[in-house]
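Structure file data35.txt (compact mmCIF, C-alpha atoms) follows.
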```txt
# COMPACT_ATOMS: atom_id res chain seq x y z
CA MET A 1 84.22 124.30 110.07
CA THR A 2 87.24 125.98 111.66
CA THR A 3 89.74 123.86 113.53
CA LEU A 4 92.23 125.38 115.93
CA ILE A 5 95.34 123.27 116.59
CA LEU A 6 97.43 124.15 119.61
CA VAL A 7 100.73 122.30 119.61
CA ALA A 8 102.72 121.93 122.82
CA HIS A 9 106.23 120.63 122.20
CA PRO A 10 109.50 122.07 123.52
CA GLN A 11 111.56 120.83 120.52
CA LEU A 12 109.18 120.93 117.62
CA ALA A 13 111.80 121.01 114.88
CA ASP A 14 113.35 117.77 116.16
CA SER A 15 110.06 115.91 116.42
CA THR A 16 109.44 113.66 113.42
CA SER A 17 105.86 112.97 114.50
CA GLN A 18 105.01 116.66 114.87
CA GLN A 19 106.65 117.45 111.51
CA PHE A 20 104.66 114.60 110.00
CA PHE A 21 101.41 116.02 111.41
CA LYS A 22 102.26 119.47 110.10
CA ALA A 23 102.90 118.13 106.60
CA SER A 24 99.60 116.23 106.78
CA LEU A 25 97.39 119.27 107.40
CA PRO A 26 94.58 119.23 104.82
CA PRO A 27 95.34 122.23 102.56
CA GLU A 28 91.75 123.07 101.65
CA ALA A 29 90.40 123.11 105.19
CA SER A 30 90.04 126.11 107.46
CA ILE A 31 92.74 125.43 110.03
CA VAL A 32 94.56 127.68 112.48
CA TRP A 33 97.82 126.15 113.67
CA GLU A 34 99.77 127.50 116.64
CA HIS A 35 102.91 126.37 118.42
CA LEU A 36 102.49 127.29 122.08
CA ASP A 37 106.19 127.02 122.98
CA ALA A 38 107.01 129.63 120.34
CA GLN A 39 105.09 132.33 122.23
CA GLU A 40 107.08 134.23 124.80
CA ASN A 41 103.93 135.68 126.31
CA PHE A 42 100.41 134.71 125.41
CA ASP A 43 98.25 137.45 123.98
CA VAL A 44 95.19 136.56 126.06
CA ALA A 45 92.66 138.54 124.02
CA GLN A 46 93.98 137.06 120.77
CA GLU A 47 94.05 133.50 122.15
CA GLN A 48 90.52 133.83 123.48
CA ALA A 49 89.29 135.25 120.17
CA GLN A 50 90.82 132.24 118.37
CA LEU A 51 89.02 129.89 120.72
CA ARG A 52 85.72 131.71 120.15
CA GLN A 53 86.10 131.39 116.38
CA ALA A 54 86.98 127.70 116.38
CA ASP A 55 84.42 124.93 116.05
CA ARG A 56 86.90 122.24 116.99
CA ILE A 57 89.89 122.75 119.27
CA ILE A 58 92.76 120.29 119.05
CA LEU A 59 95.41 120.03 121.74
CA GLN A 60 98.41 118.25 120.28
CA PHE A 61 101.42 117.12 122.28
CA PRO A 62 103.69 114.26 123.31
CA LEU A 63 102.83 112.66 126.66
CA TYR A 64 105.42 113.70 129.26
CA TRP A 65 105.00 111.96 132.62
CA TYR A 66 101.31 111.28 132.02
CA ALA A 67 100.53 114.88 131.12
CA ALA A 68 101.02 117.51 128.45
CA PRO A 69 104.28 119.50 128.27
CA ALA A 70 104.53 122.59 130.47
CA SER A 71 103.65 125.07 127.71
CA LEU A 72 100.09 123.76 127.54
CA LYS A 73 99.61 124.22 131.28
CA ALA A 74 101.06 127.74 131.00
CA TRP A 75 98.61 128.46 128.18
CA GLU A 76 95.68 127.10 130.20
CA ASP A 77 96.63 129.10 133.28
CA THR A 78 97.01 132.31 131.29
CA VAL A 79 94.31 132.12 128.62
CA LEU A 80 91.54 130.13 130.27
CA THR A 81 90.55 132.75 132.80
CA ARG A 82 87.67 131.96 135.11
CA SER A 83 85.43 134.69 133.76
CA PHE A 84 86.14 133.63 130.16
CA VAL A 85 85.41 129.94 130.68
CA TYR A 86 82.41 129.99 133.01
CA GLY A 87 82.51 132.89 135.48
CA ASP A 88 79.88 135.07 133.87
CA HIS A 89 77.63 132.11 133.01
CA ARG A 90 77.87 132.85 129.30
CA TYR A 91 80.02 129.85 128.40
CA PRO A 92 81.50 131.19 125.13
CA LEU A 93 83.06 127.80 124.41
CA ALA A 94 79.87 125.79 124.87
CA ASP A 95 79.16 123.13 122.23
CA LYS A 96 82.60 123.41 120.66
CA GLU A 97 84.55 120.18 120.37
CA LEU A 98 87.85 119.42 122.04
CA GLY A 99 90.12 116.69 120.73
CA VAL A 100 93.53 115.59 121.93
CA VAL A 101 96.22 114.33 119.57
CA VAL A 102 98.77 112.66 121.81
CA THR A 103 101.94 110.79 120.93
CA THR A 104 103.54 108.30 123.28
CA GLY A 105 106.83 106.44 123.34
CA MET A 106 105.15 103.34 124.72
CA PRO A 107 102.76 101.02 122.85
CA ALA A 108 98.97 101.20 123.29
CA LYS A 109 98.93 98.06 125.42
CA ALA A 110 101.07 99.80 128.06
CA PHE A 111 98.23 102.18 128.85
CA GLN A 112 95.92 99.96 130.84
CA ARG A 113 95.77 98.47 134.31
CA GLY A 114 98.47 95.82 134.50
CA GLY A 115 100.26 97.37 131.51
CA ALA A 116 103.75 98.85 131.75
CA GLU A 117 102.34 102.34 132.46
CA GLY A 118 99.43 101.07 134.58
CA LEU A 119 97.32 104.06 133.63
CA THR A 120 94.89 104.59 130.75
CA LEU A 121 95.25 107.61 128.48
CA ASP A 122 91.76 108.69 129.51
CA ALA A 123 92.95 108.74 133.11
CA SER A 124 96.06 110.78 132.28
CA LEU A 125 93.99 113.25 130.31
CA ALA A 126 91.33 113.56 133.02
CA PRO A 127 92.33 117.11 134.06
CA LEU A 128 91.90 118.33 130.46
CA ALA A 129 88.57 116.52 130.17
CA ALA A 130 87.45 118.22 133.38
CA VAL A 131 88.31 121.63 131.92
CA ALA A 132 86.25 120.75 128.85
CA GLN A 133 83.33 119.75 131.02
CA ARG A 134 83.54 122.98 133.04
CA ALA A 135 83.48 124.97 129.79
CA HIS A 136 80.60 122.91 128.36
CA ILE A 137 82.85 121.74 125.54
CA ARG A 138 82.27 118.33 123.96
CA TRP A 139 85.20 116.00 124.57
CA LEU A 140 86.11 113.90 121.52
CA PRO A 141 87.61 110.41 121.65
CA THR A 142 91.38 110.83 121.91
CA PHE A 143 93.60 110.44 118.84
CA ALA A 144 96.64 108.59 120.14
CA VAL A 145 99.72 107.70 118.12
CA HIS A 146 101.96 105.22 119.86
CA GLN A 147 105.60 104.69 118.91
CA PHE A 148 105.49 106.75 115.72
CA GLY A 149 109.01 105.67 114.82
CA TYR A 150 107.96 102.04 114.54
CA LEU A 151 105.10 102.65 112.09
CA THR A 152 105.40 101.06 108.66
CA GLU A 153 105.05 103.05 105.44
CA THR A 154 101.50 101.73 105.01
CA GLN A 155 100.56 102.70 108.57
CA LYS A 156 101.99 106.17 108.00
CA LEU A 157 99.95 106.58 104.81
CA GLN A 158 96.83 105.63 106.74
CA LEU A 159 97.80 107.95 109.59
CA VAL A 160 97.85 110.98 107.26
CA VAL A 161 94.18 110.54 106.44
CA ASP A 162 93.09 109.40 109.91
CA TYR A 163 94.66 112.60 111.27
CA GLN A 164 93.01 114.76 108.60
CA ARG A 165 89.66 113.18 109.42
CA TYR A 166 90.20 113.79 113.13
CA LEU A 167 90.74 117.47 112.38
CA THR A 168 87.85 118.01 109.99
CA GLN A 169 85.34 115.15 109.86
CA PRO A 170 82.02 115.52 111.74
CA GLN A 171 81.74 113.28 114.77
CA PRO A 172 80.92 110.53 115.60
CA ASP A 173 83.32 108.61 113.39
CA SER A 174 80.53 106.51 111.85
CA LEU A 175 80.51 104.87 108.42
CA THR A 176 78.03 107.52 107.23
CA ASN A 177 80.26 110.40 108.38
CA ARG A 178 83.38 108.71 106.99
CA GLN A 179 81.76 108.23 103.59
CA ALA A 180 80.58 111.83 103.51
CA TRP A 181 84.09 113.05 104.34
CA PHE A 182 85.67 110.92 101.61
CA ALA A 183 83.04 111.98 99.06
CA GLN A 184 83.81 115.65 99.63
CA ARG A 185 87.57 115.15 99.64
CA LEU A 186 87.37 112.91 96.57
CA GLU A 187 86.04 115.80 94.52
CA GLN A 188 89.01 117.98 95.48
CA MET A 189 91.49 115.17 94.92
CA VAL A 190 90.12 114.29 91.47
CA ALA A 191 90.29 117.96 90.50
CA LYS A 192 94.02 118.13 91.27
CA LEU A 193 94.93 114.95 89.33
CA PRO A 194 96.99 115.40 86.15
CA ALA A 195 94.90 115.41 82.96
CA ASP A 196 95.76 111.82 81.96
CA GLN A 197 94.47 110.51 85.33
CA GLN A 198 91.27 112.57 85.46
CA ALA A 199 89.08 109.99 83.72
CA THR A 200 90.11 107.23 86.16
CA GLY A 201 89.60 109.57 89.09
CA ARG A 202 86.11 110.51 87.93
CA LEU A 203 85.20 106.86 87.37
CA ILE A 204 86.34 106.01 90.90
CA ALA A 205 84.32 108.92 92.29
CA THR A 206 81.18 107.81 90.44
CA THR A 207 81.58 104.22 91.63
CA PHE A 208 82.15 105.44 95.18
CA ASP A 209 78.98 107.56 95.14
CA GLN A 210 77.02 104.63 93.74
CA SER A 211 78.26 102.32 96.51
CA ARG A 212 77.28 104.93 99.06
CA ALA A 213 73.77 105.16 97.60
CA ASP A 214 73.50 101.36 97.47
CA LEU A 215 74.41 101.11 101.15
CA ASP A 216 71.74 103.67 102.06
CA GLN A 217 69.20 101.70 100.06
CA LEU A 218 70.15 98.41 101.74
CA ALA A 219 69.98 100.02 105.18
CA ASP A 220 66.50 101.37 104.35
CA THR A 221 65.31 97.96 103.14
CA LEU A 222 66.63 96.33 106.29
CA ALA A 223 64.96 98.93 108.50
CA MET A 224 61.67 98.25 106.71
CA ILE A 225 61.98 94.48 107.23
CA LYS A 226 62.79 94.98 110.92
CA GLU A 227 59.76 97.24 111.28
CA THR A 228 57.39 94.56 109.90
CA GLU A 229 58.98 91.93 112.14
CA ASP A 230 58.12 94.05 115.16
CA ASP A 231 54.39 93.80 114.39
CA MET B 1 87.24 90.16 87.82
CA THR B 2 84.61 91.36 90.29
CA ASN B 3 83.65 95.02 90.51
CA ASP B 4 85.27 95.25 93.95
CA ALA B 5 88.57 93.86 92.68
CA TRP B 6 88.47 96.17 89.67
CA LEU B 7 87.86 99.25 91.81
CA HIS B 8 90.60 98.22 94.22
CA GLN B 9 93.04 97.92 91.32
CA GLN B 10 92.06 101.28 89.81
CA ILE B 11 92.53 103.05 93.16
CA GLN B 12 95.84 101.33 93.87
CA ASP B 13 97.14 102.20 90.37
CA LEU B 14 96.21 105.82 90.89
CA ALA B 15 97.80 105.81 94.37
CA GLN B 16 101.09 104.51 92.98
CA ARG B 17 101.18 107.31 90.43
CA GLN B 18 100.99 110.13 93.01
CA PRO B 19 104.45 111.54 93.70
CA GLN B 20 103.36 113.40 96.85
CA PHE B 21 103.10 111.30 100.02
CA THR B 22 99.93 112.98 101.32
CA ASP B 23 98.18 112.55 97.94
CA ARG B 24 99.14 108.88 97.83
CA ALA B 25 97.84 108.58 101.41
CA PHE B 26 94.41 109.78 100.33
CA TRP B 27 94.01 107.13 97.62
CA VAL B 28 95.33 104.35 99.86
CA ALA B 29 92.86 105.38 102.59
CA LEU B 30 90.06 105.58 100.03
CA ASP B 31 90.87 102.00 99.08
CA GLN B 32 90.33 101.02 102.75
CA MET B 33 87.09 103.00 102.80
CA VAL B 34 85.87 101.19 99.68
CA ALA B 35 86.74 97.82 101.23
CA GLU B 36 84.71 98.79 104.31
CA GLN B 37 81.76 99.75 102.07
CA ALA B 38 81.93 96.37 100.33
CA GLN B 39 82.06 94.51 103.64
CA ARG B 40 79.07 96.45 105.00
CA ARG B 41 77.16 95.82 101.76
CA ASP B 42 77.75 92.06 102.02
CA GLN B 43 76.70 92.08 105.68
CA LEU B 44 73.53 94.06 104.99
CA GLN B 45 72.62 91.84 102.02
CA GLY B 46 73.25 88.76 104.16
CA GLU B 47 71.05 90.10 106.92
CA ILE B 48 68.26 90.96 104.47
CA ASP B 49 68.46 87.45 102.96
CA GLY B 50 68.43 85.88 106.40
CA ARG B 51 65.48 87.90 107.64
CA THR B 52 63.40 87.35 104.51
CA TRP B 53 64.01 83.57 104.57
CA ARG B 54 60.80 82.58 106.38
CA PRO B 55 59.85 78.91 105.71
CA ASP B 56 56.96 79.29 108.16
CA ARG B 57 55.29 81.64 105.70
CA TRP B 58 55.57 79.31 102.68
```
Please express what this file holds, its structure, as structure tokens.
Amino acid sequence: MTTLILVAHPQLADSTSQQFFKASLPPEASIVWEHLDAQENFDVAQEQAQLRQADRIILQFPLYWYAAPASLKAWEDTVLTRSFVYGDHRYPLADKELGVVVTTGMPAKAFQRGGAEGLTLDASLAPLAAVAQRAHIRWLPTFAVHQFGYLTETQKLQLVVDYQRYLTQPQPDSLTNRQAWFAQRLEQMVAKLPADQQATGRLIATTFDQSRADLDQLADTLAMIKETEDD
Amino acid sequence: MTNDAWLHQQIQDLAQRQPQFTDRAFWVALDQMVAEQAQRRDQLQGEIDGRTWRPDRW
């Protein structure tokens, strides 16, 4: 799976959250990362080719006045031409996924009716969701990070992996899909452990796989019981 | 020590020994994943026990 990340941020180097995301990119995955504000002019053909090649498109930005920074709008207005998106009825972006990684300076509870912002994130992102719908792209649940600066060390550790999963894990974010993602990643992570930690890593991987199989078995048993109860 | 507690300890030990933040993050997140597996296992087992407990069929 190829993931295209388009970052809109006017001062990327000064943004601790954006630097954090960049350092968290999963090294083994097929990821194209682009900073929109760094482009003086968008190469439309190149940008459209990137979109065609991607399976998942991620728009990543801080929320400025309930919207993305200006560079994302400039990119949309230049790259997403009518004929490319839907005009010729070919829909080259159909069935791709679009996810938004948005950071906010206010806490999650502010983004609801009666909250300090009085507007949900879904409502602020409605214009982007409408573009996705027009292009027949699947809109993913939004990945929001509120008040990054206030996160604890433990929350930041968890954020690394939650972000990686948002970029590369099949949707929906179910237990089955989560387990499959971890199983695959576990193999790569065990392989890069130093020699003296390999045995522990392998033991953990084996136990993990066994738990996964046990869960499948239990779910099957339960499904069978439910089936007989229906009779 | 239960198997769950043992696994938790092994993963945490490994996490602590990773110098790189993103590597440590993986093992810490795996520990959460494993806890979720254990919780789901207990819930499924509980549901199976509950559904198979049928005094009316004794």
>> Would you pick out the contacts of A:Ser174 at 12 Å or less, using all atoms listed in the file, so that residues sharing its chain but fewer than 4 positions from it are not included, and give the list as a list in words?
In response: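 Once the nearby chain positions are removed, what remains is Arg165, Gln169, Pro170, Arg178, Gln179, Ala180 and Trp181 of chain A; Met33, Glu36 and Gln37 of chain B.
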>> When you count only C-alpha atoms, which of these residues is closest to B:Ala5: B:Asp31, B:Asp56, B:Asp42, B:Glu47?
In response: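 Checking each candidate against B:Ala5, we get B:Asp31 as the closest.
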> Near A:Lys22, counting all atoms listed in the file, which residues have an atom at most 10 Å away, once you skip same-chain residues fewer than 4 positions from it, shown as a list in words?
Replying inline: Thr16, Ser17, Gln18, Pro26, Trp33 and Val160 of chain A
Counting all atoms listed in the file, what are the residues of chain A within 9 Å of chain B, and for each of them which pair of atoms is the nearest and at what distance in Å, to one decimal? Sort the table by chain and rising number, as JSON lines.
```
{"residue": "A:Ala23", "atom": "CA", "partner": "B:Thr22", "partner_atom": "CA", "distance": 8.0}
{"residue": "A:Ser24", "atom": "CA", "partner": "B:Thr22", "partner_atom": "CA", "distance": 6.4}
{"residue": "A:Pro26", "atom": "CA", "partner": "B:Thr22", "partner_atom": "CA", "distance": 8.9}
{"residue": "A:Thr154", "atom": "CA", "partner": "B:Val28", "partner_atom": "CA", "distance": 8.5}
{"residue": "A:Lys156", "atom": "CA", "partner": "B:Ala25", "partner_atom": "CA", "distance": 8.2}
{"residue": "A:Leu157", "atom": "CA", "partner": "B:Ala25", "partner_atom": "CA", "distance": 4.5}
{"residue": "A:Gln158", "atom": "CA", "partner": "B:Ala29", "partner_atom": "CA", "distance": 5.7}
{"residue": "A:Leu159", "atom": "CA", "partner": "B:Ala25", "partner_atom": "CA", "distance": 8.2}
{"residue": "A:Val160", "atom": "CA", "partner": "B:Ala25", "partner_atom": "CA", "distance": 6.3}
{"residue": "A:Val161", "atom": "CA", "partner": "B:Phe26", "partner_atom": "CA", "distance": 6.2}
{"residue": "A:Asp162", "atom": "CA", "partner": "B:Ala29", "partner_atom": "CA", "distance": 8.4}
{"residue": "A:Leu175", "atom": "CA", "partner": "B:Gln37", "partner_atom": "CA", "distance": 8.3}
{"residue": "A:Arg178", "atom": "CA", "partner": "B:Met33", "partner_atom": "CA", "distance": 8.0}
{"residue": "A:Gln179", "atom": "CA", "partner": "B:Met33", "partner_atom": "CA", "distance": 7.5}
{"residue": "A:Phe182", "atom": "CA", "partner": "B:Leu30", "partner_atom": "CA", "distance": 7.1}
{"residue": "A:Arg185", "atom": "CA", "partner": "B:Phe26", "partner_atom": "CA", "distance": 8.7}
{"residue": "A:Leu186", "atom": "CA", "partner": "B:Leu30", "partner_atom": "CA", "distance": 8.5}
{"residue": "A:Met189", "atom": "CA", "partner": "B:Asp23", "partner_atom": "CA", "distance": 7.8}
{"residue": "A:Leu193", "atom": "CA", "partner": "B:Gln18", "partner_atom": "CA", "distance": 8.6}
{"residue": "A:Gln197", "atom": "CA", "partner": "B:Leu14", "partner_atom": "CA", "distance": 7.5}
{"residue": "A:Thr200", "atom": "CA", "partner": "B:Gln10", "partner_atom": "CA", "distance": 7.2}
{"residue": "A:Gly201", "atom": "CA", "partner": "B:Leu14", "partner_atom": "CA", "distance": 7.8}
{"residue": "A:Ile204", "atom": "CA", "partner": "B:Leu7", "partner_atom": "CA", "distance": 7.0}
{"residue": "A:Thr207", "atom": "CA", "partner": "B:Leu7", "partner_atom": "CA", "distance": 8.0}
{"residue": "A:Phe208", "atom": "CA", "partner": "B:Val34", "partner_atom": "CA", "distance": 7.2}
{"residue": "A:Ser211", "atom": "CA", "partner": "B:Gln37", "partner_atom": "CA", "distance": 7.1}
{"residue": "A:Arg212", "atom": "CA", "partner": "B:Gln37", "partner_atom": "CA", "distance": 7.5}
{"residue": "A:Asp214", "atom": "CA", "partner": "B:Arg41", "partner_atom": "CA", "distance": 7.9}
{"residue": "A:Leu215", "atom": "CA", "partner": "B:Arg41", "partner_atom": "CA", "distance": 6.0}
{"residue": "A:Leu218", "atom": "CA", "partner": "B:Leu44", "partner_atom": "CA", "distance": 6.4}
{"residue": "A:Ala219", "atom": "CA", "partner": "B:Leu44", "partner_atom": "CA", "distance": 6.9}
{"residue": "A:Thr221", "atom": "CA", "partner": "B:Ile48", "partner_atom": "CA", "distance": 7.7}
{"residue": "A:Leu222", "atom": "CA", "partner": "B:Ile48", "partner_atom": "CA", "distance": 5.9}
{"residue": "A:Ile225", "atom": "CA", "partner": "B:Arg51", "partner_atom": "CA", "distance": 7.5}
{"residue": "A:Lys226", "atom": "CA", "partner": "B:Arg51", "partner_atom": "CA", "distance": 8.3}
{"residue": "A:Glu229", "atom": "CA", "partner": "B:Arg51", "partner_atom": "CA", "distance": 8.9}
```
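Put simply, atom CA of A:Met106 is 26.0 Å away from atom CA of A:Glu34.
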> How far is it from atom CA of A:Gln48 to atom CA of A:Val79, in Å with one decimal?
Replying inline: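 According to the coordinates, atom CA of A:Gln48 and atom CA of A:Val79 are separated by 6.6 Å.
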